[in-house]
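K.L.:
For reference, the structure I am asking about is given below.
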Amino acid sequence: MHIEQSPPAAAAPTGAGSTPDARQLRSILIAVSVALMAVIASVSGLGVAQTHMAVEFGVSQGTVLWIINVYALALAALLLPLGAIGDRLGRKPVLVGGLLLFGAAGVAAGLAPSAGVMIAARVAAGVGAAMIMPITLAVITSTFPEEQRGRAIGVWTGVAGGGGILGMFLSALLVDVADWRWLFALPVVLAVVALAMTLRSVPDSRERSAPSFDGVGAVVSAVAVAALIFVLQEGPERGWTDPVPLTGLFVGVLAAVGFVLWELRRREASLLDVRLFRARGLAGGSITLLVVFGVQAGIAVVLFPFFQAVLGWSGLLSTVAMMPMAVLMMVTSGLAPKLAARAGARATMAAGVALAALGLALMALFVSVDGGYPSLLAGLLAMGAGMGLSMTPSTEAITASLPREKQGVASALNDVTREFGTALGVALLGALLTTGYRDALDDRLDGVPAGPADTAREGIANAVEAAPGAGTHAETLLHAARESFVDGWQQAMWAGTAVMAALFVYVALRGPSEAEAEPAGGSAP
């Protein structure tokens, strides 16, 4: 199916008569990468301070989770509308405004005297992040010449994929050497640096002519994304049959269907032309990113309890253990455009997915309590390399499927897909791990007192806390919990392997064709 696109020249940088030179392009890439790093670090960093916030604010774990999750909720819900606004009003002013709001919200969060103020600051930071994230990629696709665009997208993808782990490491380091409130200093400093570089180096670009803004589509898309992300966040905590997640699911599905019908009616004046999903590039790139980021997020859910509760490592050492995967992911993200130019985007994506599936299988096969970290390392490295190879061509396929004057929307769609994948992976792989752990633990608790045994069933961290109360059965309880966690781990990893294998078949058969892999603004796919 062939989809027509708008003329490529519609989003030339305003106020610029020619393509920026190599030095300017390098400055632009650094500026948007630093801005993106600020956003990603705020997604992952606060998780290491959950206990500190609960104690200082005197609130429940549910409130702490809201402090963490409301940022991602606001970010995901507003990506598409704010990406479209950037296309219309100019990408540079929206990026500058987002950095200002994001930095101010970070300062307010760091000084927050109560949980209520903290939640409000995190919502504001999420709005700022939704102004920043899609614009960073749109600046690349609308500014870089075709022959350099793939390499720049590879750098952006590496920061988006590996930046979360790097941000978590720096956050854990700050918690260990200073105070948990200093966690907000890192994103604020990054935002200030990005703001200075943006004002100096980033050109402006926008739609030259545009139909009336799709306000209805913007509102309905925000409701749909917010409701569905809310369901994935609250379902594991409340239970999937609880009225709150069920209501959210109903609202989200209803809004999503309404959004599709409305956009089909608007056609060329739509916020997002959903007809473009008939093209292999947009569909294949979106599905690949959804699954790959879901698996990556699910891996983190499994890995950190393994490092901390099974191996007894600190939060800082646990993040250090993730760094080899993150570094390799960032390296292969940069190499992927060269490989795609030689072998093709579809072959590169398929190779990356296959390598990631191999990594999951290796971890499922060899993980053990006695084997410790070395039993995981080969799988982690394969996962990192595979994700890096698959993410960059997937991102290129998405941005190439929309015309250049719609690159804010294209970038926002790319980011929404990542956020959905992350939430979905955490919910599903986390649920598989929990179920597998409990089923395996029940067969290993013979002789353990009922109280500590019931506490241990809630999770591996609870088992570690309950062990001293088990008296002479403390070691038995700890050993049973650790072995059961590994059993649950293996179930989750094999499920992830099956999903990645299915994705490999899909990409091999329905991945983007070479015509569809051309950069945005090229010939229509």
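Each chain in the structure tokens gets a letter, A, B and so on, in the order shown; residues start at 1 in every chain, and ligands are counted from 1 in the order they appear.
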For range 52-65 of chain A, list every protein, DNA or RNA residue within 12 Å, evaluated using only C-alpha atoms, and leave out those in the same chain fewer than 5 positions away; present the list as a PDB file with all heavy atoms, in the first residue's frame.

P.N.:
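Resulting contents of around-v7.pdb:
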```pdb
ATOM      1  N   LEU A  46      14.322   8.745  39.986  1.00  0.00           N
ATOM      2  CA  LEU A  46      13.665   8.883  41.285  1.00  0.00           C
ATOM      3  C   LEU A  46      13.343   7.544  41.935  1.00  0.00           C
ATOM      4  O   LEU A  46      13.086   7.487  43.141  1.00  0.00           O
ATOM      5  CB  LEU A  46      12.386   9.717  41.121  1.00  0.00           C
ATOM      6  CG  LEU A  46      11.867  10.424  42.370  1.00  0.00           C
ATOM      7  CD1 LEU A  46      12.931  11.338  42.955  1.00  0.00           C
ATOM      8  CD2 LEU A  46      10.610  11.218  42.041  1.00  0.00           C
ATOM      9  N   GLY A  47      13.375   6.472  41.169  1.00  0.00           N
ATOM     10  CA  GLY A  47      13.068   5.159  41.737  1.00  0.00           C
ATOM     11  C   GLY A  47      14.018   4.731  42.838  1.00  0.00           C
ATOM     12  O   GLY A  47      13.641   3.929  43.718  1.00  0.00           O
ATOM     13  N   VAL A  70       3.475   9.859  38.023  1.00  0.00           N
ATOM     14  CA  VAL A  70       2.697  10.961  37.453  1.00  0.00           C
ATOM     15  C   VAL A  70       3.526  11.718  36.419  1.00  0.00           C
ATOM     16  O   VAL A  70       2.971  12.310  35.475  1.00  0.00           O
ATOM     17  CB  VAL A  70       2.198  11.896  38.580  1.00  0.00           C
ATOM     18  CG1 VAL A  70       3.334  12.753  39.146  1.00  0.00           C
ATOM     19  CG2 VAL A  70       1.053  12.761  38.084  1.00  0.00           C
ATOM     20  N   TYR A  71       4.832  11.711  36.557  1.00  0.00           N
ATOM     21  CA  TYR A  71       5.709  12.351  35.563  1.00  0.00           C
ATOM     22  C   TYR A  71       5.576  11.664  34.208  1.00  0.00           C
ATOM     23  O   TYR A  71       5.354  12.319  33.173  1.00  0.00           O
ATOM     24  CB  TYR A  71       7.151  12.299  36.062  1.00  0.00           C
ATOM     25  CG  TYR A  71       8.198  12.725  35.049  1.00  0.00           C
ATOM     26  CD1 TYR A  71       8.521  14.061  34.885  1.00  0.00           C
ATOM     27  CD2 TYR A  71       8.883  11.785  34.279  1.00  0.00           C
ATOM     28  CE1 TYR A  71       9.489  14.461  33.967  1.00  0.00           C
ATOM     29  CE2 TYR A  71       9.848  12.169  33.364  1.00  0.00           C
ATOM     30  CZ  TYR A  71      10.149  13.506  33.221  1.00  0.00           C
ATOM     31  OH  TYR A  71      11.099  13.892  32.305  1.00  0.00           O
ATOM     32  N   ALA A  72       5.705  10.331  34.202  1.00  0.00           N
ATOM     33  CA  ALA A  72       5.578   9.580  32.953  1.00  0.00           C
ATOM     34  C   ALA A  72       4.169   9.681  32.384  1.00  0.00           C
ATOM     35  O   ALA A  72       3.982   9.685  31.158  1.00  0.00           O
ATOM     36  CB  ALA A  72       5.949   8.114  33.185  1.00  0.00           C
ATOM     37  N   LEU A  73       3.170   9.767  33.253  1.00  0.00           N
ATOM     38  CA  LEU A  73       1.779   9.880  32.799  1.00  0.00           C
ATOM     39  C   LEU A  73       1.555  11.200  32.059  1.00  0.00           C
ATOM     40  O   LEU A  73       0.988  11.218  30.954  1.00  0.00           O
ATOM     41  CB  LEU A  73       0.842   9.780  34.007  1.00  0.00           C
ATOM     42  CG  LEU A  73      -0.649   9.632  33.721  1.00  0.00           C
ATOM     43  CD1 LEU A  73      -0.932   8.319  33.024  1.00  0.00           C
ATOM     44  CD2 LEU A  73      -1.446   9.734  35.019  1.00  0.00           C
ATOM     45  N   ALA A 109      10.594  20.668  42.761  1.00  0.00           N
ATOM     46  CA  ALA A 109      10.548  19.310  43.313  1.00  0.00           C
ATOM     47  C   ALA A 109      11.663  19.097  44.333  1.00  0.00           C
ATOM     48  O   ALA A 109      11.446  18.468  45.382  1.00  0.00           O
ATOM     49  CB  ALA A 109      10.665  18.290  42.174  1.00  0.00           C
ATOM     50  N   GLY A 110      12.845  19.596  44.039  1.00  0.00           N
ATOM     51  CA  GLY A 110      13.954  19.426  44.967  1.00  0.00           C
ATOM     52  C   GLY A 110      13.737  20.120  46.299  1.00  0.00           C
ATOM     53  O   GLY A 110      14.275  19.705  47.321  1.00  0.00           O
ATOM     54  N   ALA A 112      10.543  20.707  47.543  1.00  0.00           N
ATOM     55  CA  ALA A 112       9.153  20.457  47.936  1.00  0.00           C
ATOM     56  C   ALA A 112       9.043  20.118  49.422  1.00  0.00           C
ATOM     57  O   ALA A 112       9.712  19.200  49.911  1.00  0.00           O
ATOM     58  CB  ALA A 112       8.573  19.314  47.103  1.00  0.00           C
ATOM     59  N   PRO A 113       8.155  20.831  50.157  1.00  0.00           N
ATOM     60  CA  PRO A 113       7.999  20.540  51.584  1.00  0.00           C
ATOM     61  C   PRO A 113       7.008  19.424  51.882  1.00  0.00           C
ATOM     62  O   PRO A 113       6.913  18.965  53.021  1.00  0.00           O
ATOM     63  CB  PRO A 113       7.479  21.872  52.130  1.00  0.00           C
ATOM     64  CG  PRO A 113       6.698  22.455  50.990  1.00  0.00           C
ATOM     65  CD  PRO A 113       7.402  22.028  49.741  1.00  0.00           C
ATOM     66  N   SER A 114       6.249  18.997  50.879  1.00  0.00           N
ATOM     67  CA  SER A 114       5.226  17.975  51.107  1.00  0.00           C
ATOM     68  C   SER A 114       5.050  17.133  49.851  1.00  0.00           C
ATOM     69  O   SER A 114       5.501  17.503  48.762  1.00  0.00           O
ATOM     70  CB  SER A 114       3.894  18.630  51.471  1.00  0.00           C
ATOM     71  OG  SER A 114       3.384  19.365  50.368  1.00  0.00           O
ATOM     72  N   ALA A 115       4.358  16.017  50.029  1.00  0.00           N
ATOM     73  CA  ALA A 115       4.109  15.133  48.892  1.00  0.00           C
ATOM     74  C   ALA A 115       3.210  15.811  47.865  1.00  0.00           C
ATOM     75  O   ALA A 115       3.380  15.608  46.652  1.00  0.00           O
ATOM     76  CB  ALA A 115       3.466  13.832  49.370  1.00  0.00           C
ATOM     77  N   GLY A 116       2.256  16.629  48.302  1.00  0.00           N
ATOM     78  CA  GLY A 116       1.370  17.311  47.373  1.00  0.00           C
ATOM     79  C   GLY A 116       2.122  18.263  46.459  1.00  0.00           C
ATOM     80  O   GLY A 116       1.875  18.308  45.248  1.00  0.00           O
ATOM     81  N   VAL A 117       3.035  19.025  47.044  1.00  0.00           N
ATOM     82  CA  VAL A 117       3.849  19.939  46.241  1.00  0.00           C
ATOM     83  C   VAL A 117       4.745  19.145  45.298  1.00  0.00           C
ATOM     84  O   VAL A 117       4.941  19.522  44.132  1.00  0.00           O
ATOM     85  CB  VAL A 117       4.683  20.861  47.151  1.00  0.00           C
ATOM     86  CG1 VAL A 117       5.641  21.717  46.316  1.00  0.00           C
ATOM     87  CG2 VAL A 117       3.775  21.745  47.989  1.00  0.00           C
ATOM     88  N   MET A 118       5.271  18.041  45.787  1.00  0.00           N
ATOM     89  CA  MET A 118       6.136  17.203  44.953  1.00  0.00           C
ATOM     90  C   MET A 118       5.370  16.661  43.739  1.00  0.00           C
ATOM     91  O   MET A 118       5.876  16.678  42.608  1.00  0.00           O
ATOM     92  CB  MET A 118       6.694  16.047  45.773  1.00  0.00           C
ATOM     93  CG  MET A 118       7.506  15.042  44.979  1.00  0.00           C
ATOM     94  SD  MET A 118       9.051  15.708  44.341  1.00  0.00           S
ATOM     95  CE  MET A 118      10.071  15.576  45.812  1.00  0.00           C
ATOM     96  N   ILE A 119       4.150  16.187  43.951  1.00  0.00           N
ATOM     97  CA  ILE A 119       3.352  15.657  42.842  1.00  0.00           C
ATOM     98  C   ILE A 119       3.052  16.751  41.827  1.00  0.00           C
ATOM     99  O   ILE A 119       3.154  16.543  40.610  1.00  0.00           O
ATOM    100  CB  ILE A 119       2.050  15.027  43.377  1.00  0.00           C
ATOM    101  CG1 ILE A 119       2.362  13.733  44.142  1.00  0.00           C
ATOM    102  CG2 ILE A 119       1.069  14.754  42.242  1.00  0.00           C
ATOM    103  CD1 ILE A 119       1.172  13.117  44.831  1.00  0.00           C
ATOM    104  N   ARG A 122       6.113  17.414  39.825  1.00  0.00           N
ATOM    105  CA  ARG A 122       6.383  16.324  38.878  1.00  0.00           C
ATOM    106  C   ARG A 122       5.437  16.397  37.671  1.00  0.00           C
ATOM    107  O   ARG A 122       5.838  16.079  36.547  1.00  0.00           O
ATOM    108  CB  ARG A 122       6.220  14.976  39.582  1.00  0.00           C
ATOM    109  CG  ARG A 122       7.274  14.684  40.632  1.00  0.00           C
ATOM    110  CD  ARG A 122       8.597  14.312  40.012  1.00  0.00           C
ATOM    111  NE  ARG A 122       8.568  12.957  39.461  1.00  0.00           N
ATOM    112  CZ  ARG A 122       9.542  12.439  38.726  1.00  0.00           C
ATOM    113  NH1 ARG A 122      10.606  13.154  38.434  1.00  0.00           N
ATOM    114  NH2 ARG A 122       9.452  11.194  38.279  1.00  0.00           N
ATOM    115  N   VAL A 175      22.455   9.703  45.784  1.00  0.00           N
ATOM    116  CA  VAL A 175      21.796   9.268  47.014  1.00  0.00           C
ATOM    117  C   VAL A 175      22.822   8.731  48.017  1.00  0.00           C
ATOM    118  O   VAL A 175      22.727   8.982  49.216  1.00  0.00           O
ATOM    119  CB  VAL A 175      20.729   8.205  46.711  1.00  0.00           C
ATOM    120  CG1 VAL A 175      20.224   7.558  47.989  1.00  0.00           C
ATOM    121  CG2 VAL A 175      19.560   8.831  45.961  1.00  0.00           C
ATOM    122  N   ASP A 176      23.827   8.013  47.506  1.00  0.00           N
ATOM    123  CA  ASP A 176      24.835   7.426  48.382  1.00  0.00           C
ATOM    124  C   ASP A 176      25.773   8.474  48.973  1.00  0.00           C
ATOM    125  O   ASP A 176      26.174   8.373  50.145  1.00  0.00           O
ATOM    126  CB  ASP A 176      25.663   6.388  47.616  1.00  0.00           C
ATOM    127  CG  ASP A 176      24.997   5.018  47.607  1.00  0.00           C
ATOM    128  OD1 ASP A 176      23.801   4.957  47.968  1.00  0.00           O
ATOM    129  OD2 ASP A 176      25.653   4.034  47.250  1.00  0.00           O
ATOM    130  N   ASP A 179      22.327  13.683  49.469  1.00  0.00           N
ATOM    131  CA  ASP A 179      20.953  13.555  49.943  1.00  0.00           C
ATOM    132  C   ASP A 179      20.042  13.253  48.766  1.00  0.00           C
ATOM    133  O   ASP A 179      20.335  13.641  47.631  1.00  0.00           O
ATOM    134  CB  ASP A 179      20.526  14.858  50.625  1.00  0.00           C
ATOM    135  CG  ASP A 179      19.136  14.751  51.229  1.00  0.00           C
ATOM    136  OD1 ASP A 179      18.996  14.184  52.320  1.00  0.00           O
ATOM    137  OD2 ASP A 179      18.179  15.228  50.585  1.00  0.00           O
ATOM    138  N   TRP A 180      18.912  12.580  49.014  1.00  0.00           N
ATOM    139  CA  TRP A 180      18.049  12.177  47.908  1.00  0.00           C
ATOM    140  C   TRP A 180      17.514  13.372  47.126  1.00  0.00           C
ATOM    141  O   TRP A 180      17.234  13.259  45.935  1.00  0.00           O
ATOM    142  CB  TRP A 180      16.883  11.331  48.427  1.00  0.00           C
ATOM    143  CG  TRP A 180      15.847  12.072  49.211  1.00  0.00           C
ATOM    144  CD1 TRP A 180      15.827  12.268  50.556  1.00  0.00           C
ATOM    145  CD2 TRP A 180      14.674  12.712  48.694  1.00  0.00           C
ATOM    146  NE1 TRP A 180      14.727  12.990  50.919  1.00  0.00           N
ATOM    147  CE2 TRP A 180      13.996  13.266  49.792  1.00  0.00           C
ATOM    148  CE3 TRP A 180      14.131  12.867  47.428  1.00  0.00           C
ATOM    149  CZ2 TRP A 180      12.806  13.977  49.662  1.00  0.00           C
ATOM    150  CZ3 TRP A 180      12.943  13.564  47.280  1.00  0.00           C
ATOM    151  CH2 TRP A 180      12.295  14.108  48.390  1.00  0.00           C
ATOM    152  N   ARG A 181      17.399  14.531  47.760  1.00  0.00           N
ATOM    153  CA  ARG A 181      16.893  15.704  47.046  1.00  0.00           C
ATOM    154  C   ARG A 181      17.853  16.185  45.957  1.00  0.00           C
ATOM    155  O   ARG A 181      17.441  16.888  45.029  1.00  0.00           O
ATOM    156  CB  ARG A 181      16.594  16.832  48.034  1.00  0.00           C
ATOM    157  CG  ARG A 181      15.368  16.551  48.906  1.00  0.00           C
ATOM    158  CD  ARG A 181      15.062  17.723  49.818  1.00  0.00           C
ATOM    159  NE  ARG A 181      13.887  17.477  50.636  1.00  0.00           N
ATOM    160  CZ  ARG A 181      12.628  17.764  50.273  1.00  0.00           C
ATOM    161  NH1 ARG A 181      12.401  18.309  49.095  1.00  0.00           N
ATOM    162  NH2 ARG A 181      11.619  17.512  51.084  1.00  0.00           N
ATOM    163  N   LEU A 183      18.912  14.444  43.761  1.00  0.00           N
ATOM    164  CA  LEU A 183      18.557  13.753  42.522  1.00  0.00           C
ATOM    165  C   LEU A 183      18.059  14.724  41.451  1.00  0.00           C
ATOM    166  O   LEU A 183      18.269  14.516  40.261  1.00  0.00           O
ATOM    167  CB  LEU A 183      17.456  12.721  42.783  1.00  0.00           C
ATOM    168  CG  LEU A 183      17.803  11.473  43.584  1.00  0.00           C
ATOM    169  CD1 LEU A 183      16.557  10.657  43.843  1.00  0.00           C
ATOM    170  CD2 LEU A 183      18.831  10.653  42.852  1.00  0.00           C
ATOM    171  N   PHE A 230      -2.286   4.833  32.673  1.00  0.00           N
ATOM    172  CA  PHE A 230      -2.760   4.723  34.053  1.00  0.00           C
ATOM    173  C   PHE A 230      -3.133   3.283  34.383  1.00  0.00           C
ATOM    174  O   PHE A 230      -2.810   2.775  35.466  1.00  0.00           O
ATOM    175  CB  PHE A 230      -3.960   5.653  34.251  1.00  0.00           C
ATOM    176  CG  PHE A 230      -4.638   5.512  35.588  1.00  0.00           C
ATOM    177  CD1 PHE A 230      -4.108   6.125  36.711  1.00  0.00           C
ATOM    178  CD2 PHE A 230      -5.798   4.751  35.728  1.00  0.00           C
ATOM    179  CE1 PHE A 230      -4.730   5.987  37.950  1.00  0.00           C
ATOM    180  CE2 PHE A 230      -6.420   4.607  36.954  1.00  0.00           C
ATOM    181  CZ  PHE A 230      -5.879   5.229  38.074  1.00  0.00           C
ATOM    182  N   GLN A 233      -0.074   1.239  34.916  1.00  0.00           N
ATOM    183  CA  GLN A 233       0.608   1.577  36.168  1.00  0.00           C
ATOM    184  C   GLN A 233      -0.141   1.049  37.387  1.00  0.00           C
ATOM    185  O   GLN A 233       0.477   0.556  38.340  1.00  0.00           O
ATOM    186  CB  GLN A 233       0.774   3.098  36.280  1.00  0.00           C
ATOM    187  CG  GLN A 233       1.785   3.681  35.294  1.00  0.00           C
ATOM    188  CD  GLN A 233       1.852   5.205  35.380  1.00  0.00           C
ATOM    189  OE1 GLN A 233       0.978   5.847  35.980  1.00  0.00           O
ATOM    190  NE2 GLN A 233       2.882   5.785  34.804  1.00  0.00           N
ATOM    191  N   GLU A 234      -1.466   1.167  37.368  1.00  0.00           N
ATOM    192  CA  GLU A 234      -2.256   0.829  38.547  1.00  0.00           C
ATOM    193  C   GLU A 234      -2.676  -0.637  38.594  1.00  0.00           C
ATOM    194  O   GLU A 234      -2.922  -1.175  39.679  1.00  0.00           O
ATOM    195  CB  GLU A 234      -3.509   1.715  38.593  1.00  0.00           C
ATOM    196  CG  GLU A 234      -3.228   3.177  38.858  1.00  0.00           C
ATOM    197  CD  GLU A 234      -2.642   3.394  40.241  1.00  0.00           C
ATOM    198  OE1 GLU A 234      -3.246   2.946  41.226  1.00  0.00           O
ATOM    199  OE2 GLU A 234      -1.567   4.020  40.330  1.00  0.00           O
ATOM    200  N   PRO A 236      -1.060  -3.588  38.198  1.00  0.00           N
ATOM    201  CA  PRO A 236      -0.280  -4.491  39.058  1.00  0.00           C
ATOM    202  C   PRO A 236      -0.433  -4.193  40.549  1.00  0.00           C
ATOM    203  O   PRO A 236      -0.294  -5.103  41.371  1.00  0.00           O
ATOM    204  CB  PRO A 236       1.167  -4.228  38.588  1.00  0.00           C
ATOM    205  CG  PRO A 236       1.031  -3.712  37.195  1.00  0.00           C
ATOM    206  CD  PRO A 236      -0.222  -2.913  37.201  1.00  0.00           C
ATOM    207  N   GLU A 237      -0.687  -2.929  40.915  1.00  0.00           N
ATOM    208  CA  GLU A 237      -0.796  -2.566  42.329  1.00  0.00           C
ATOM    209  C   GLU A 237      -2.172  -2.896  42.904  1.00  0.00           C
ATOM    210  O   GLU A 237      -2.295  -3.456  43.989  1.00  0.00           O
ATOM    211  CB  GLU A 237      -0.517  -1.059  42.503  1.00  0.00           C
ATOM    212  CG  GLU A 237       0.896  -0.642  42.141  1.00  0.00           C
ATOM    213  CD  GLU A 237       1.925  -1.282  43.052  1.00  0.00           C
ATOM    214  OE1 GLU A 237       1.668  -1.387  44.269  1.00  0.00           O
ATOM    215  OE2 GLU A 237       2.984  -1.692  42.540  1.00  0.00           O
ATOM    216  N   ARG A 238      -3.228  -2.535  42.162  1.00  0.00           N
ATOM    217  CA  ARG A 238      -4.593  -2.708  42.664  1.00  0.00           C
ATOM    218  C   ARG A 238      -5.193  -4.068  42.328  1.00  0.00           C
ATOM    219  O   ARG A 238      -6.135  -4.505  42.980  1.00  0.00           O
ATOM    220  CB  ARG A 238      -5.508  -1.617  42.078  1.00  0.00           C
ATOM    221  CG  ARG A 238      -5.161  -0.205  42.492  1.00  0.00           C
ATOM    222  CD  ARG A 238      -6.042   0.793  41.751  1.00  0.00           C
ATOM    223  NE  ARG A 238      -5.797   2.164  42.156  1.00  0.00           N
ATOM    224  CZ  ARG A 238      -6.468   2.815  43.103  1.00  0.00           C
ATOM    225  NH1 ARG A 238      -7.445   2.194  43.748  1.00  0.00           N
ATOM    226  NH2 ARG A 238      -6.194   4.054  43.408  1.00  0.00           N
TER     227      ARG A 238
END
```

K.L.:
For range 295-298 of chain A, please output as a PDB file with C-alpha atoms, in the first residue's frame all residues within 8 Å (counting only C-alpha atoms; exclusion window: fewer than 6 positions along the same chain).

P.N.:
```pdb
ATOM      1  CA  GLY A 421       6.161  -0.277  25.572  1.00  0.00           C
ATOM      2  CA  THR A 422       7.853   0.573  28.858  1.00  0.00           C
ATOM      3  CA  ALA A 423       4.604   0.527  30.837  1.00  0.00           C
ATOM      4  CA  GLY A 425       6.717  -4.487  29.683  1.00  0.00           C
ATOM      5  CA  VAL A 426       6.863  -3.571  33.369  1.00  0.00           C
ATOM      6  CA  ALA A 427       3.264  -4.680  33.903  1.00  0.00           C
ATOM      7  CA  LEU A 428       3.367  -7.967  31.996  1.00  0.00           C
ATOM      8  CA  LEU A 429       6.884  -9.253  32.718  1.00  0.00           C
ATOM      9  CA  GLY A 430       6.553  -8.074  36.309  1.00  0.00           C
ATOM     10  CA  GLY A 496      10.149 -12.429  26.557  1.00  0.00           C
TER      11      GLY A 496
END
```

K.L.:
Which of these residues is nearest to Leu402 in chain A, using only C-alpha atoms: A:Gly334, A:Pro245, A:Gly312, A:Gly281?

P.N.:
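Of A:Gly334, A:Pro245, A:Gly312, A:Gly281, the one nearest Leu402 in chain A, counting only C-alpha atoms, is A:Gly281.
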
K.L.:
Within 7 Å of Ala397 in chain A, counting only C-alpha atoms, which residues show up once you throw out same-chain ones fewer than 3 positions away? Write them as a CSV table (one decimal) with N, CA and C atoms, in the first residue's frame, please.

P.N.:
```csv
chain,number,residue,atom,x,y,z
A,281,GLY,N,6.6,0.8,7.0
A,281,GLY,CA,7.6,1.5,7.8
A,281,GLY,C,7.1,2.0,9.1
A,282,LEU,N,5.9,2.7,9.1
A,282,LEU,CA,5.4,3.2,10.3
A,282,LEU,C,4.9,2.1,11.2
A,285,GLY,N,8.1,-0.1,12.4
A,285,GLY,CA,8.9,0.7,13.3
A,285,GLY,C,8.2,0.8,14.7
A,393,PRO,N,17.1,1.9,13.3
A,393,PRO,CA,16.3,1.8,12.1
A,393,PRO,C,14.8,1.9,12.3
A,394,SER,N,14.3,1.4,13.4
A,394,SER,CA,12.9,1.5,13.8
A,394,SER,C,12.5,3.0,13.9
A,400,ALA,N,10.6,8.6,8.9
A,400,ALA,CA,10.5,8.7,7.4
A,400,ALA,C,9.1,8.5,6.8
A,401,SER,N,8.2,8.0,7.7
A,401,SER,CA,6.8,7.8,7.2
A,401,SER,C,5.9,9.0,7.2
A,512,PRO,N,10.0,-2.7,7.2
A,512,PRO,CA,10.0,-1.7,6.2
A,512,PRO,C,10.7,-2.0,5.0
A,516,GLU,N,10.6,2.6,1.8
A,516,GLU,CA,10.0,3.2,3.0
A,516,GLU,C,11.0,3.6,4.0
A,517,ALA,N,12.2,3.1,3.9
A,517,ALA,CA,13.3,3.4,4.9
A,517,ALA,C,14.0,4.7,4.5
```

K.L.:
I need the residue nearest Val274 in chain A from this list: A:Gly217, A:Gly150, A:Gly248, A:Pro324. Use only C-alpha atoms for the distance.

P.N.:
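Closest to Val274 in chain A, using only C-alpha atoms: A:Gly217.
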
K.L.:
List as a list of chain:residue names the protein and nucleic acid residues near Val94 in chain A, meaning an atom at most 8 Å away when only C-alpha atoms are counted, but skip any in the same chain fewer than 5 places from it.

P.N.:
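My reading of the contact set: A:Ile85, A:Gly86, A:Leu89, A:Met131, A:Ile132, A:Ile135.
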
K.L.:
So that I can see what lies close to Asp487 in chain A, please list as an MDAnalysis selection string the residues with an atom at most 8 Å from it, counting only C-alpha atoms and leaving out residues fewer than 4 positions away in the same chain.

P.N.:
chainID A and resid 436:437 440 483 491

K.L.:
Deliver the residues from the most recent selection as a file, using C-alpha atoms, as a PDB file, in the first residue's frame.

P.N.:
```pdb
ATOM      1  CA  GLY A 436       6.261 -17.646  38.923  1.00  0.00           C
ATOM      2  CA  TYR A 437       7.919 -16.659  42.205  1.00  0.00           C
ATOM      3  CA  ALA A 440       7.684 -21.906  43.115  1.00  0.00           C
ATOM      4  CA  GLU A 483      15.680 -19.990  44.253  1.00  0.00           C
ATOM      5  CA  GLN A 491       9.506 -17.909  33.219  1.00  0.00           C
TER       6      GLN A 491
END
```

K.L.:
Would you return as a PyMOL selection string the members of range 2-230 of chain A that DSSP assigns to alpha helix (DSSP H) on this structure's backbone?

P.N.:
chain A and resi 22-44+50-57+61-89+91-110+115-143+146-177+185-201+215-230

K.L.:
Tell me, in Å to one decimal, how far CA of Gln50 in chain A is from CA of Leu289 in chain A.

P.N.:
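Going from CA of Gln50 in chain A over to CA of Leu289 in chain A, I get 28.5 Å.
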
K.L.:
In Å, how far is it from CA of Ser333 in chain A to CA of Ala160 in chain A?

P.N.:
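Taking CA of Ser333 in chain A as the start and CA of Ala160 in chain A as the end point, the length is 10.1 Å.
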
K.L.:
List the spatial neighbours of range 459-464 of chain A as a list in words - criterion: any atom at most 9 Å away, only C-alpha atoms, same-chain residues fewer than 2 positions off excluded.

P.N.:
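Close residues of range 459-464 of chain A: Pro305, Phe306, Gln308, Ala309, Val310, Thr434, Tyr437, Arg438, Pro452, Ala453, Asp454, Thr455, Ala456, Arg457, Ala466, Ala467, Pro468, Leu477, Leu478, Ala481, Arg482, Ser484 and Phe485 of chain A.
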
K.L.:
Between CA of Leu249 in chain A and CA of Val231 in chain A, what is the distance, to one decimal in Å?

P.N.:
6.1 Å
